[in-house]
>>> print(open('work_12.txt').read())   # compact mmCIF, C-alpha atoms
# COMPACT_ATOMS: atom_id res chain seq x y z
CA VAL A 225 25.40 -18.52 -13.57
CA PRO A 226 21.85 -19.40 -14.66
CA ALA A 227 19.89 -16.79 -16.60
CA VAL A 228 16.41 -16.83 -15.09
CA ASP A 229 13.79 -14.74 -16.89
CA GLY A 230 10.04 -15.12 -17.22
CA ASN A 231 10.41 -17.80 -19.88
CA VAL A 232 12.66 -19.94 -17.70
CA LEU A 233 10.41 -19.53 -14.68
CA ARG A 234 7.43 -20.66 -16.74
CA VAL A 235 9.22 -23.75 -18.11
CA LEU A 236 10.35 -24.87 -14.68
CA ALA A 237 6.99 -24.14 -13.04
CA ARG A 238 5.30 -26.49 -15.53
CA TYR A 239 8.10 -29.04 -15.47
CA CYS A 240 7.90 -29.34 -11.66
CA MET A 241 4.23 -28.35 -11.20
CA ASP A 242 5.55 -25.67 -8.86
CA GLU A 243 2.70 -24.05 -6.89
CA ALA A 244 4.79 -21.05 -5.84
CA LEU A 245 4.04 -17.57 -7.22
CA ILE A 246 6.63 -16.71 -9.89
CA THR A 247 6.09 -13.01 -9.19
CA ASP A 248 7.63 -13.50 -5.73
CA ALA A 249 11.27 -12.39 -5.65
CA LYS A 250 12.10 -15.19 -3.20
CA VAL A 251 10.81 -17.76 -5.69
CA ARG A 252 13.11 -16.39 -8.38
CA GLN A 253 16.05 -16.59 -5.97
CA ARG A 254 15.20 -20.20 -5.12
CA VAL A 255 14.91 -21.15 -8.79
CA GLU A 256 18.24 -19.52 -9.56
CA GLN A 257 19.89 -21.48 -6.78
CA GLU A 258 18.32 -24.81 -7.79
CA LEU A 259 19.05 -24.28 -11.47
CA GLY A 260 22.62 -23.28 -10.67
CA GLU A 261 23.14 -26.68 -9.05
CA THR A 262 21.91 -28.65 -12.07
CA MET A 263 22.92 -26.61 -15.12
CA SER A 264 25.66 -27.76 -17.48
CA ARG A 265 29.16 -26.79 -16.34
CA LYS A 266 30.71 -27.44 -19.72
CA ARG A 267 28.21 -25.49 -21.85
CA PRO A 268 26.45 -23.01 -19.51
CA GLY A 269 25.82 -20.49 -22.32
CA ASP A 270 24.08 -23.08 -24.49
CA PHE A 271 22.11 -24.27 -21.48
CA ASN A 272 20.86 -20.76 -20.69
CA GLN A 273 19.99 -20.04 -24.31
CA ALA A 274 18.17 -23.36 -24.65
CA MET A 275 16.05 -22.73 -21.56
CA MET A 276 15.07 -19.23 -22.65
CA GLU A 277 14.30 -20.35 -26.20
CA LEU A 278 12.23 -23.24 -24.90
CA GLY A 279 10.03 -20.80 -23.01
CA ALA A 280 9.87 -18.31 -25.88
CA MET A 281 9.14 -20.73 -28.73
CA VAL A 282 7.62 -23.90 -27.26
CA CYS A 283 6.44 -23.46 -23.67
CA VAL A 284 4.69 -20.23 -24.60
CA PRO A 285 2.83 -17.96 -22.15
CA ASN A 286 -0.36 -17.25 -24.10
CA GLY A 287 -2.53 -20.10 -25.26
CA LYS A 288 -1.70 -23.80 -25.23
CA PRO A 289 2.03 -24.63 -25.25
CA HIS A 290 3.49 -26.67 -28.11
CA CYS A 291 4.14 -29.75 -26.01
CA GLU A 292 4.43 -32.03 -29.04
CA GLU A 293 7.63 -30.18 -29.97
CA CYS A 294 9.10 -30.12 -26.46
CA PRO A 295 12.14 -32.30 -25.67
CA LEU A 296 11.04 -32.38 -22.03
CA GLN A 297 7.50 -33.63 -22.61
CA LYS A 298 8.13 -37.08 -21.12
CA GLN A 299 9.43 -35.60 -17.88
CA CYS A 300 7.19 -32.54 -17.59
CA GLN A 301 4.79 -33.14 -14.71
CA ALA A 302 2.22 -30.60 -15.86
CA HIS A 303 2.14 -32.18 -19.33
CA LEU A 304 1.76 -35.67 -17.88
CA GLU A 305 -1.16 -34.42 -15.78
CA HIS A 306 -2.63 -32.45 -18.74
CA CYS A 307 -2.65 -29.20 -16.77
CA GLU A 308 0.04 -27.15 -18.51
CA THR A 309 -2.00 -23.97 -18.65
CA ASP A 310 -2.58 -24.05 -14.88
CA TYR A 311 1.05 -23.06 -14.45
CA PRO A 312 2.85 -20.87 -13.56
CA LYS A 313 0.91 -19.56 -10.60
CA LYS A 314 0.45 -15.81 -10.37
CA ALA A 315 -1.08 -13.62 -7.70
CA VAL A 316 -4.67 -12.65 -8.38
CA LYS A 317 -4.95 -8.94 -9.01
CA LYS A 318 -7.03 -7.12 -6.45
CA ALA A 319 -10.03 -5.19 -7.69
CA ARG A 320 -9.50 -1.44 -7.65
CA THR A 321 -11.17 0.44 -4.84
CA ILE A 322 -13.59 3.15 -5.97
CA GLU A 323 -13.51 6.44 -4.05
CA ASN A 324 -16.02 9.22 -4.59
CA ARG A 325 -14.61 12.72 -4.20
CA THR A 326 -16.08 16.19 -4.54
CA VAL A 327 -13.48 18.59 -5.98
CA LEU A 328 -13.71 22.29 -5.11
CA ILE A 329 -12.15 24.97 -7.31
CA ILE A 330 -12.39 27.83 -4.82
CA GLN A 331 -11.41 31.29 -6.07
CA ASP A 332 -11.68 34.91 -5.12
CA ALA A 333 -10.79 37.85 -7.35
CA ASP A 334 -7.06 37.16 -7.21
CA LYS A 335 -6.21 33.69 -6.03
CA ALA A 336 -7.32 30.08 -5.79
CA ALA A 337 -7.15 27.62 -2.93
CA LEU A 338 -4.98 24.52 -3.05
CA ARG A 339 -4.06 22.10 -0.33
CA LYS A 340 -1.03 19.91 0.19
CA ARG A 341 -1.48 16.16 0.35
CA PRO A 342 0.11 14.11 3.15
CA ALA A 343 3.83 13.37 2.97
CA LYS A 344 3.17 9.65 2.56
CA GLY A 345 0.78 7.69 0.37
CA LEU A 346 -0.91 8.44 -2.93
CA LEU A 347 0.37 11.62 -4.66
CA ALA A 348 2.50 12.25 -1.58
CA GLY A 349 3.39 15.86 -0.92
CA MET A 350 1.70 17.20 -4.06
CA TYR A 351 -0.84 20.00 -4.25
CA GLU A 352 -4.46 19.39 -5.16
CA PHE A 353 -7.76 21.22 -5.25
CA PRO A 354 -9.55 20.98 -1.90
CA CYS A 355 -11.69 17.84 -1.88
CA MET A 356 -14.49 16.41 0.19
CA GLU A 357 -14.61 12.66 0.64
CA GLY A 358 -17.85 11.47 -0.93
CA GLU A 359 -20.34 13.02 -3.35
CA TYR A 360 -22.04 16.24 -2.26
CA THR A 361 -24.70 18.55 -3.63
CA ALA A 362 -24.12 22.25 -4.26
CA GLU A 363 -26.11 23.09 -1.14
CA GLN A 364 -23.93 20.82 0.99
CA VAL A 365 -20.76 22.35 -0.47
CA LEU A 366 -22.00 25.87 0.29
CA GLU A 367 -22.82 24.89 3.85
CA TYR A 368 -19.36 23.41 4.29
CA LEU A 369 -17.68 26.58 2.98
CA ARG A 370 -19.74 28.81 5.25
CA GLU A 371 -18.75 26.66 8.22
CA GLU A 372 -15.14 27.29 7.21
CA GLY A 373 -15.74 31.03 7.39
CA LEU A 374 -15.92 31.71 3.64
CA GLN A 375 -18.62 33.76 1.92
CA PRO A 376 -19.61 32.03 -1.34
CA LEU A 377 -20.86 34.36 -4.09
CA HIS A 378 -21.48 31.86 -6.86
CA ILE A 379 -21.27 28.09 -7.40
CA LYS A 380 -21.34 26.13 -10.65
CA GLU A 381 -21.44 22.36 -10.97
CA LEU A 382 -18.78 21.01 -13.34
CA GLU A 383 -18.61 17.86 -15.41
CA PRO A 384 -17.78 14.61 -13.59
CA SER A 385 -14.35 13.11 -14.05
CA LYS A 386 -12.61 9.81 -13.35
CA HIS A 387 -8.97 8.97 -12.76
CA ILE A 388 -7.60 5.43 -12.52
CA PHE A 389 -4.63 4.57 -10.33
CA THR A 390 -3.09 1.12 -9.99
CA HIS A 391 -5.21 0.03 -7.04
CA LYS A 392 -8.01 2.57 -6.90
CA GLU A 393 -10.28 4.81 -8.95
CA TRP A 394 -11.32 8.33 -8.15
CA HIS A 395 -14.84 9.20 -9.31
CA MET A 396 -14.96 12.97 -9.03
CA LYS A 397 -17.68 15.58 -9.04
CA GLY A 398 -16.52 19.17 -9.36
CA TYR A 399 -17.74 22.63 -8.36
CA ALA A 400 -16.32 26.01 -9.31
CA ILE A 401 -16.95 28.44 -6.45
CA ARG A 402 -16.38 32.17 -6.33
CA VAL A 403 -15.94 33.49 -2.80
CA ASP A 404 -15.71 36.99 -1.45
CA GLU A 405 -12.17 36.60 -0.12
CA LEU A 406 -9.68 33.85 0.61
CA ALA A 407 -8.28 35.04 3.92
CA ARG A 408 -5.06 33.51 5.15
CA LYS A 409 -6.62 31.70 8.05
CA GLU A 410 -6.53 28.23 9.52
CA PHE A 411 -9.37 26.10 8.22
CA LYS A 412 -10.82 23.78 10.81
CA ASP A 413 -10.39 20.53 8.85
CA ILE A 414 -7.10 21.19 7.08
CA GLY A 415 -5.13 23.69 9.15
CA LYS A 416 -1.99 25.08 7.55
CA GLU A 417 -2.07 22.75 4.53
CA TRP A 418 -4.12 25.23 2.48
CA VAL A 419 -2.27 27.68 0.22
CA PHE A 420 -3.57 30.52 -1.94
CA VAL A 421 -1.91 30.88 -5.32
CA GLU A 422 -2.16 32.65 -8.65
CA PRO A 423 -2.66 30.50 -11.79
CA ALA A 424 0.91 31.00 -13.03
CA GLN A 425 2.25 29.48 -9.82
CA THR A 426 0.59 26.14 -10.58
CA GLN A 427 2.96 25.68 -13.53
CA ALA A 428 6.14 25.46 -11.46
CA GLU A 429 5.74 26.12 -7.76
CA TYR A 430 2.49 24.24 -7.15
CA PRO A 431 2.02 21.70 -9.99
CA ILE A 432 -1.38 20.01 -9.87
CA PRO A 433 -1.43 16.23 -10.48
CA SER A 434 -2.89 14.95 -13.76
CA ALA A 435 -5.68 13.29 -11.76
CA PHE A 436 -7.30 16.75 -11.65
CA ALA A 437 -6.64 17.61 -15.33
CA ALA A 438 -10.35 18.00 -16.08
CA TYR A 439 -10.61 20.84 -13.55
CA VAL A 440 -7.39 22.76 -14.13
CA PRO A 441 -8.95 24.84 -16.98
CA TYR A 442 -11.31 26.42 -14.46
CA LEU A 443 -8.40 28.28 -12.85
CA ASN A 444 -9.42 31.44 -14.70
CA ILE A 445 -8.70 34.00 -12.03
CA LYS A 446 -8.64 37.63 -13.18
CA GLN A 447 -10.58 36.68 -16.30
CA GLY A 448 -13.78 38.38 -15.18
CA LYS A 449 -16.84 37.17 -13.36
CA GLU A 450 -18.84 36.63 -16.56
CA ARG A 451 -16.39 34.05 -17.95
CA PHE A 452 -16.20 32.33 -14.55
CA GLU A 453 -19.96 31.94 -14.37
CA ARG A 454 -20.02 30.46 -17.87
CA GLY A 455 -17.45 27.92 -16.71
CA GLU A 456 -14.92 28.79 -19.42
CA GLY A 457 -11.30 27.84 -18.79
CA SER A 458 -8.31 30.10 -19.16
>>> encode(input="work_12.txt", output="structure tokens")
Amino acid sequence: VPAVDGNVLRVLARYCMDEALITDAKVRQRVEQELGETMSRKRPGDFNQAMMELGAMVCVPNGKPHCEECPLQKQCQAHLEHCETDYPKKAVKKARTIENRTVLIIQDADKAALRKRPAKGLLAGMYEFPCMEGEYTAEQVLEYLREEGLQPLHIKELEPSKHIFTHKEWHMKGYAIRVDELARKEFKDIGKEWVFVEPAQTQAEYPIPSAFAAYVPYLNIKQGKERFERGEGS
């Protein structure tokens, strides 16, 4: 059975000037099949080791390969065409999407508001601070909260934060808001996804994703209004 790793895929891609993407699982399966039909039946272990060593020591991935040392140089199509470094072909990474979000740390005297993310997608099913899509001023945030039936007592703008995922970036602007009372009601935009918790509950029952790490310290409920207004964490 042929041993096909990244080194072997690279050697064969250059040898055949293969335009297929080596990151495609179907390409690996095809290469395994083709190599299995041509590999040595008498010395398969030596064949596999030779192919892997060729990719590791001669047909190297970074920089120009050592073609002058390669036993396959007279048959290698990429070498004959002087385009070794054009192979293997890999998918071009997509640029990360940037999303602006306004994070709200909403608290009354006893609890803080969290909301549950959708069951599918990014951070599926986890709990986060309520967020508004886009970047909003303090006045816009207060207007939004009043529309939701809350009575804001104090608002403080927090430092901006950024979190990088594989395919997107969150650029976040935060506000710590003290409200008169977090009533157990249905909010118009979120419905029953909002929950009201004490800080200790975020450690086990409602863990907050690391994307919001910059804002977790502001969960200082029951620490006194003065500390809250100074923006000190617990």
>>> residues_around(input="work_12.txt", residues="stretch 418-433 of chain A", least_positions_apart="6", cutoff="6 Å", atoms="all atoms listed in the file", output="short mmCIF file (atom, residue, chain, number, x, y, z; two decimals) with C-alpha atoms, in the coordinates of the input")
data_model
loop_
_atom_site.label_atom_id
_atom_site.label_comp_id
_atom_site.auth_asym_id
_atom_site.auth_seq_id
_atom_site.Cartn_x
_atom_site.Cartn_y
_atom_site.Cartn_z
CA LYS A 335 -6.21 33.69 -6.03
CA ALA A 336 -7.32 30.08 -5.79
CA ALA A 337 -7.15 27.62 -2.93
CA LEU A 338 -4.98 24.52 -3.05
CA ARG A 339 -4.06 22.10 -0.33
CA TYR A 351 -0.84 20.00 -4.25
CA GLU A 352 -4.46 19.39 -5.16
#
>>> atom_distance(input="work_12.txt", atom1="atom CA of A:Thr361", atom2="atom CA of A:Leu377")
16.3 Å
>>> closest_residue(input="work_12.txt", among="A:Ala274, A:Leu406, A:Leu347, A:Cys283", to="A:Gln375", atoms="all atoms listed in the file")
A:Leu406
>>> closest_residue(input="work_12.txt", among="A:Thr247, A:Asn231, A:Ser385, A:Ser434", to="A:Thr326", atoms="all atoms listed in the file")
A:Ser385
>>> closest_residue(input="work_12.txt", among="A:Ala348, A:Ile322, A:Ile329, A:Cys240", to="A:Gln297", atoms="only C-alpha atoms")
A:Cys240
>>> residues_around(input="work_12.txt", residues="A:Glu293", least_positions_apart="6", cutoff="12 Å", atoms="only C-alpha atoms", output="list of chain:residue names")
A:Leu278, A:Gly279, A:Met281, A:Val282, A:Cys283, A:Val284
>>> residues_around(input="work_12.txt", residues="A:Phe389", least_positions_apart="6", cutoff="10 Å", atoms="only C-alpha atoms", output="PyMOL selection string")
chain A and resi 320-321+346+435
>>> atom_distance(input="work_12.txt", atom1="atom CA of A:Gln257", atom2="atom CA of A:Gln299")
20.8 Å
>>> atom_distance(input="work_12.txt", atom1="atom CA of A:Glu363", atom2="atom CA of A:Glu417")
24.7 Å
>>> residues_around(input="work_12.txt", residues="A:His395", least_positions_apart="2", cutoff="8 Å", atoms="all atoms listed in the file", output="list in words")
Ile322, Glu323, Asn324, Arg325, Pro384, Ser385, Lys386, His387, Glu393 and Lys397 of chain A
>>> residues_around(input="work_12.txt", residues="A:His303", least_positions_apart="5", cutoff="12 Å", atoms="only C-alpha atoms", output="PyMOL selection string")
chain A and resi 235-241+283+288-292+294-298+308-311
>>> closest_residue(input="work_12.txt", among="A:Trp394, A:Tyr399, A:Tyr439, A:Phe271", to="A:Ile330", atoms="all atoms listed in the file")
A:Tyr399
>>> decode(input="work_12.txt", residues="stretch 356-400 of chain A", atoms="N, CA and C atoms", output="PDB file, in the first residue's frame")
ATOM      1  N   MET A 356     -25.130  44.097  19.277  1.00  0.00           N
ATOM      2  CA  MET A 356     -25.809  44.761  18.175  1.00  0.00           C
ATOM      3  C   MET A 356     -24.882  44.689  16.961  1.00  0.00           C
ATOM      4  N   GLU A 357     -25.426  44.293  15.838  1.00  0.00           N
ATOM      5  CA  GLU A 357     -24.619  44.202  14.624  1.00  0.00           C
ATOM      6  C   GLU A 357     -24.284  45.605  14.136  1.00  0.00           C
ATOM      7  N   GLY A 358     -23.005  45.934  14.064  1.00  0.00           N
ATOM      8  CA  GLY A 358     -22.570  47.257  13.668  1.00  0.00           C
ATOM      9  C   GLY A 358     -21.961  48.010  14.834  1.00  0.00           C
ATOM     10  N   GLU A 359     -21.569  49.242  14.596  1.00  0.00           N
ATOM     11  CA  GLU A 359     -20.952  50.077  15.634  1.00  0.00           C
ATOM     12  C   GLU A 359     -21.906  51.209  15.999  1.00  0.00           C
ATOM     13  N   TYR A 360     -22.234  51.307  17.293  1.00  0.00           N
ATOM     14  CA  TYR A 360     -23.244  52.264  17.738  1.00  0.00           C
ATOM     15  C   TYR A 360     -22.691  53.188  18.817  1.00  0.00           C
ATOM     16  N   THR A 361     -23.259  54.370  18.869  1.00  0.00           N
ATOM     17  CA  THR A 361     -22.885  55.335  19.900  1.00  0.00           C
ATOM     18  C   THR A 361     -23.647  55.010  21.185  1.00  0.00           C
ATOM     19  N   ALA A 362     -23.233  55.642  22.276  1.00  0.00           N
ATOM     20  CA  ALA A 362     -23.908  55.441  23.557  1.00  0.00           C
ATOM     21  C   ALA A 362     -25.369  55.858  23.470  1.00  0.00           C
ATOM     22  N   GLU A 363     -25.640  56.941  22.764  1.00  0.00           N
ATOM     23  CA  GLU A 363     -27.015  57.411  22.634  1.00  0.00           C
ATOM     24  C   GLU A 363     -27.879  56.397  21.885  1.00  0.00           C
ATOM     25  N   GLN A 364     -27.320  55.790  20.848  1.00  0.00           N
ATOM     26  CA  GLN A 364     -28.060  54.791  20.090  1.00  0.00           C
ATOM     27  C   GLN A 364     -28.321  53.537  20.923  1.00  0.00           C
ATOM     28  N   VAL A 365     -27.335  53.161  21.748  1.00  0.00           N
ATOM     29  CA  VAL A 365     -27.503  51.997  22.624  1.00  0.00           C
ATOM     30  C   VAL A 365     -28.610  52.260  23.636  1.00  0.00           C
ATOM     31  N   LEU A 366     -28.616  53.455  24.235  1.00  0.00           N
ATOM     32  CA  LEU A 366     -29.643  53.796  25.215  1.00  0.00           C
ATOM     33  C   LEU A 366     -31.034  53.792  24.584  1.00  0.00           C
ATOM     34  N   GLU A 367     -31.130  54.284  23.375  1.00  0.00           N
ATOM     35  CA  GLU A 367     -32.411  54.290  22.681  1.00  0.00           C
ATOM     36  C   GLU A 367     -32.895  52.862  22.433  1.00  0.00           C
ATOM     37  N   TYR A 368     -31.968  52.010  22.036  1.00  0.00           N
ATOM     38  CA  TYR A 368     -32.311  50.602  21.792  1.00  0.00           C
ATOM     39  C   TYR A 368     -32.812  49.941  23.076  1.00  0.00           C
ATOM     40  N   LEU A 369     -32.142  50.178  24.190  1.00  0.00           N
ATOM     41  CA  LEU A 369     -32.541  49.558  25.452  1.00  0.00           C
ATOM     42  C   LEU A 369     -33.907  50.060  25.909  1.00  0.00           C
ATOM     43  N   ARG A 370     -34.154  51.340  25.727  1.00  0.00           N
ATOM     44  CA  ARG A 370     -35.470  51.881  26.110  1.00  0.00           C
ATOM     45  C   ARG A 370     -36.574  51.269  25.264  1.00  0.00           C
ATOM     46  N   GLU A 371     -36.281  51.045  23.981  1.00  0.00           N
ATOM     47  CA  GLU A 371     -37.272  50.405  23.110  1.00  0.00           C
ATOM     48  C   GLU A 371     -37.568  48.985  23.581  1.00  0.00           C
ATOM     49  N   GLU A 372     -36.582  48.365  24.224  1.00  0.00           N
ATOM     50  CA  GLU A 372     -36.767  47.009  24.738  1.00  0.00           C
ATOM     51  C   GLU A 372     -37.434  47.002  26.111  1.00  0.00           C
ATOM     52  N   GLY A 373     -37.794  48.171  26.607  1.00  0.00           N
ATOM     53  CA  GLY A 373     -38.494  48.241  27.878  1.00  0.00           C
ATOM     54  C   GLY A 373     -37.601  48.324  29.098  1.00  0.00           C
ATOM     55  N   LEU A 374     -36.316  48.557  28.915  1.00  0.00           N
ATOM     56  CA  LEU A 374     -35.389  48.702  30.043  1.00  0.00           C
ATOM     57  C   LEU A 374     -35.235  50.174  30.408  1.00  0.00           C
ATOM     58  N   GLN A 375     -34.824  50.411  31.649  1.00  0.00           N
ATOM     59  CA  GLN A 375     -34.604  51.779  32.121  1.00  0.00           C
ATOM     60  C   GLN A 375     -33.119  51.943  32.476  1.00  0.00           C
ATOM     61  N   PRO A 376     -32.313  52.419  31.536  1.00  0.00           N
ATOM     62  CA  PRO A 376     -30.884  52.586  31.791  1.00  0.00           C
ATOM     63  C   PRO A 376     -30.632  53.669  32.847  1.00  0.00           C
ATOM     64  N   LEU A 377     -29.725  53.380  33.787  1.00  0.00           N
ATOM     65  CA  LEU A 377     -29.338  54.341  34.815  1.00  0.00           C
ATOM     66  C   LEU A 377     -27.968  54.951  34.536  1.00  0.00           C
ATOM     67  N   HIS A 378     -27.111  54.159  33.911  1.00  0.00           N
ATOM     68  CA  HIS A 378     -25.747  54.625  33.664  1.00  0.00           C
ATOM     69  C   HIS A 378     -25.158  53.828  32.515  1.00  0.00           C
ATOM     70  N   ILE A 379     -24.342  54.479  31.680  1.00  0.00           N
ATOM     71  CA  ILE A 379     -23.662  53.790  30.582  1.00  0.00           C
ATOM     72  C   ILE A 379     -22.217  54.251  30.522  1.00  0.00           C
ATOM     73  N   LYS A 380     -21.313  53.323  30.300  1.00  0.00           N
ATOM     74  CA  LYS A 380     -19.889  53.648  30.212  1.00  0.00           C
ATOM     75  C   LYS A 380     -19.302  52.946  28.993  1.00  0.00           C
ATOM     76  N   GLU A 381     -18.634  53.703  28.145  1.00  0.00           N
ATOM     77  CA  GLU A 381     -17.989  53.104  26.981  1.00  0.00           C
ATOM     78  C   GLU A 381     -16.722  52.382  27.424  1.00  0.00           C
ATOM     79  N   LEU A 382     -16.524  51.174  26.911  1.00  0.00           N
ATOM     80  CA  LEU A 382     -15.374  50.350  27.255  1.00  0.00           C
ATOM     81  C   LEU A 382     -14.369  50.336  26.108  1.00  0.00           C
ATOM     82  N   GLU A 383     -13.211  49.755  26.382  1.00  0.00           N
ATOM     83  CA  GLU A 383     -12.170  49.715  25.363  1.00  0.00           C
ATOM     84  C   GLU A 383     -12.592  48.813  24.200  1.00  0.00           C
ATOM     85  N   PRO A 384     -12.149  49.131  22.987  1.00  0.00           N
ATOM     86  CA  PRO A 384     -12.459  48.258  21.850  1.00  0.00           C
ATOM     87  C   PRO A 384     -11.681  46.950  21.957  1.00  0.00           C
ATOM     88  N   SER A 385     -12.183  45.939  21.293  1.00  0.00           N
ATOM     89  CA  SER A 385     -11.538  44.635  21.315  1.00  0.00           C
ATOM     90  C   SER A 385     -11.687  43.978  19.948  1.00  0.00           C
ATOM     91  N   LYS A 386     -10.787  43.035  19.667  1.00  0.00           N
ATOM     92  CA  LYS A 386     -10.832  42.326  18.390  1.00  0.00           C
ATOM     93  C   LYS A 386     -10.604  40.845  18.645  1.00  0.00           C
ATOM     94  N   HIS A 387     -11.357  40.014  17.948  1.00  0.00           N
ATOM     95  CA  HIS A 387     -11.142  38.570  18.036  1.00  0.00           C
ATOM     96  C   HIS A 387     -11.107  38.006  16.626  1.00  0.00           C
ATOM     97  N   ILE A 388     -10.115  37.149  16.368  1.00  0.00           N
ATOM     98  CA  ILE A 388      -9.907  36.592  15.033  1.00  0.00           C
ATOM     99  C   ILE A 388     -10.311  35.123  15.007  1.00  0.00           C
ATOM    100  N   PHE A 389     -11.259  34.809  14.137  1.00  0.00           N
ATOM    101  CA  PHE A 389     -11.628  33.435  13.852  1.00  0.00           C
ATOM    102  C   PHE A 389     -10.934  33.011  12.562  1.00  0.00           C
ATOM    103  N   THR A 390     -11.183  31.792  12.127  1.00  0.00           N
ATOM    104  CA  THR A 390     -10.522  31.300  10.918  1.00  0.00           C
ATOM    105  C   THR A 390     -10.902  32.119   9.689  1.00  0.00           C
ATOM    106  N   HIS A 391     -12.186  32.417   9.541  1.00  0.00           N
ATOM    107  CA  HIS A 391     -12.648  33.072   8.323  1.00  0.00           C
ATOM    108  C   HIS A 391     -13.236  34.464   8.554  1.00  0.00           C
ATOM    109  N   LYS A 392     -13.211  34.940   9.784  1.00  0.00           N
ATOM    110  CA  LYS A 392     -13.757  36.270  10.029  1.00  0.00           C
ATOM    111  C   LYS A 392     -13.114  36.898  11.247  1.00  0.00           C
ATOM    112  N   GLU A 393     -13.243  38.213  11.336  1.00  0.00           N
ATOM    113  CA  GLU A 393     -12.767  38.972  12.494  1.00  0.00           C
ATOM    114  C   GLU A 393     -13.934  39.738  13.083  1.00  0.00           C
ATOM    115  N   TRP A 394     -13.996  39.737  14.398  1.00  0.00           N
ATOM    116  CA  TRP A 394     -14.947  40.585  15.094  1.00  0.00           C
ATOM    117  C   TRP A 394     -14.211  41.813  15.615  1.00  0.00           C
ATOM    118  N   HIS A 395     -14.632  42.978  15.182  1.00  0.00           N
ATOM    119  CA  HIS A 395     -14.142  44.241  15.739  1.00  0.00           C
ATOM    120  C   HIS A 395     -15.237  44.752  16.670  1.00  0.00           C
ATOM    121  N   MET A 396     -14.950  44.762  17.956  1.00  0.00           N
ATOM    122  CA  MET A 396     -15.991  45.006  18.951  1.00  0.00           C
ATOM    123  C   MET A 396     -15.795  46.323  19.695  1.00  0.00           C
ATOM    124  N   LYS A 397     -16.922  46.947  19.969  1.00  0.00           N
ATOM    125  CA  LYS A 397     -16.987  48.139  20.797  1.00  0.00           C
ATOM    126  C   LYS A 397     -17.922  47.809  21.952  1.00  0.00           C
ATOM    127  N   GLY A 398     -17.492  48.073  23.181  1.00  0.00           N
ATOM    128  CA  GLY A 398     -18.275  47.635  24.321  1.00  0.00           C
ATOM    129  C   GLY A 398     -18.858  48.765  25.148  1.00  0.00           C
ATOM    130  N   TYR A 399     -19.983  48.473  25.804  1.00  0.00           N
ATOM    131  CA  TYR A 399     -20.605  49.402  26.760  1.00  0.00           C
ATOM    132  C   TYR A 399     -21.026  48.616  27.999  1.00  0.00           C
ATOM    133  N   ALA A 400     -20.721  49.160  29.155  1.00  0.00           N
ATOM    134  CA  ALA A 400     -21.241  48.629  30.411  1.00  0.00           C
ATOM    135  C   ALA A 400     -22.445  49.478  30.798  1.00  0.00           C
TER     136      ALA A 400
END
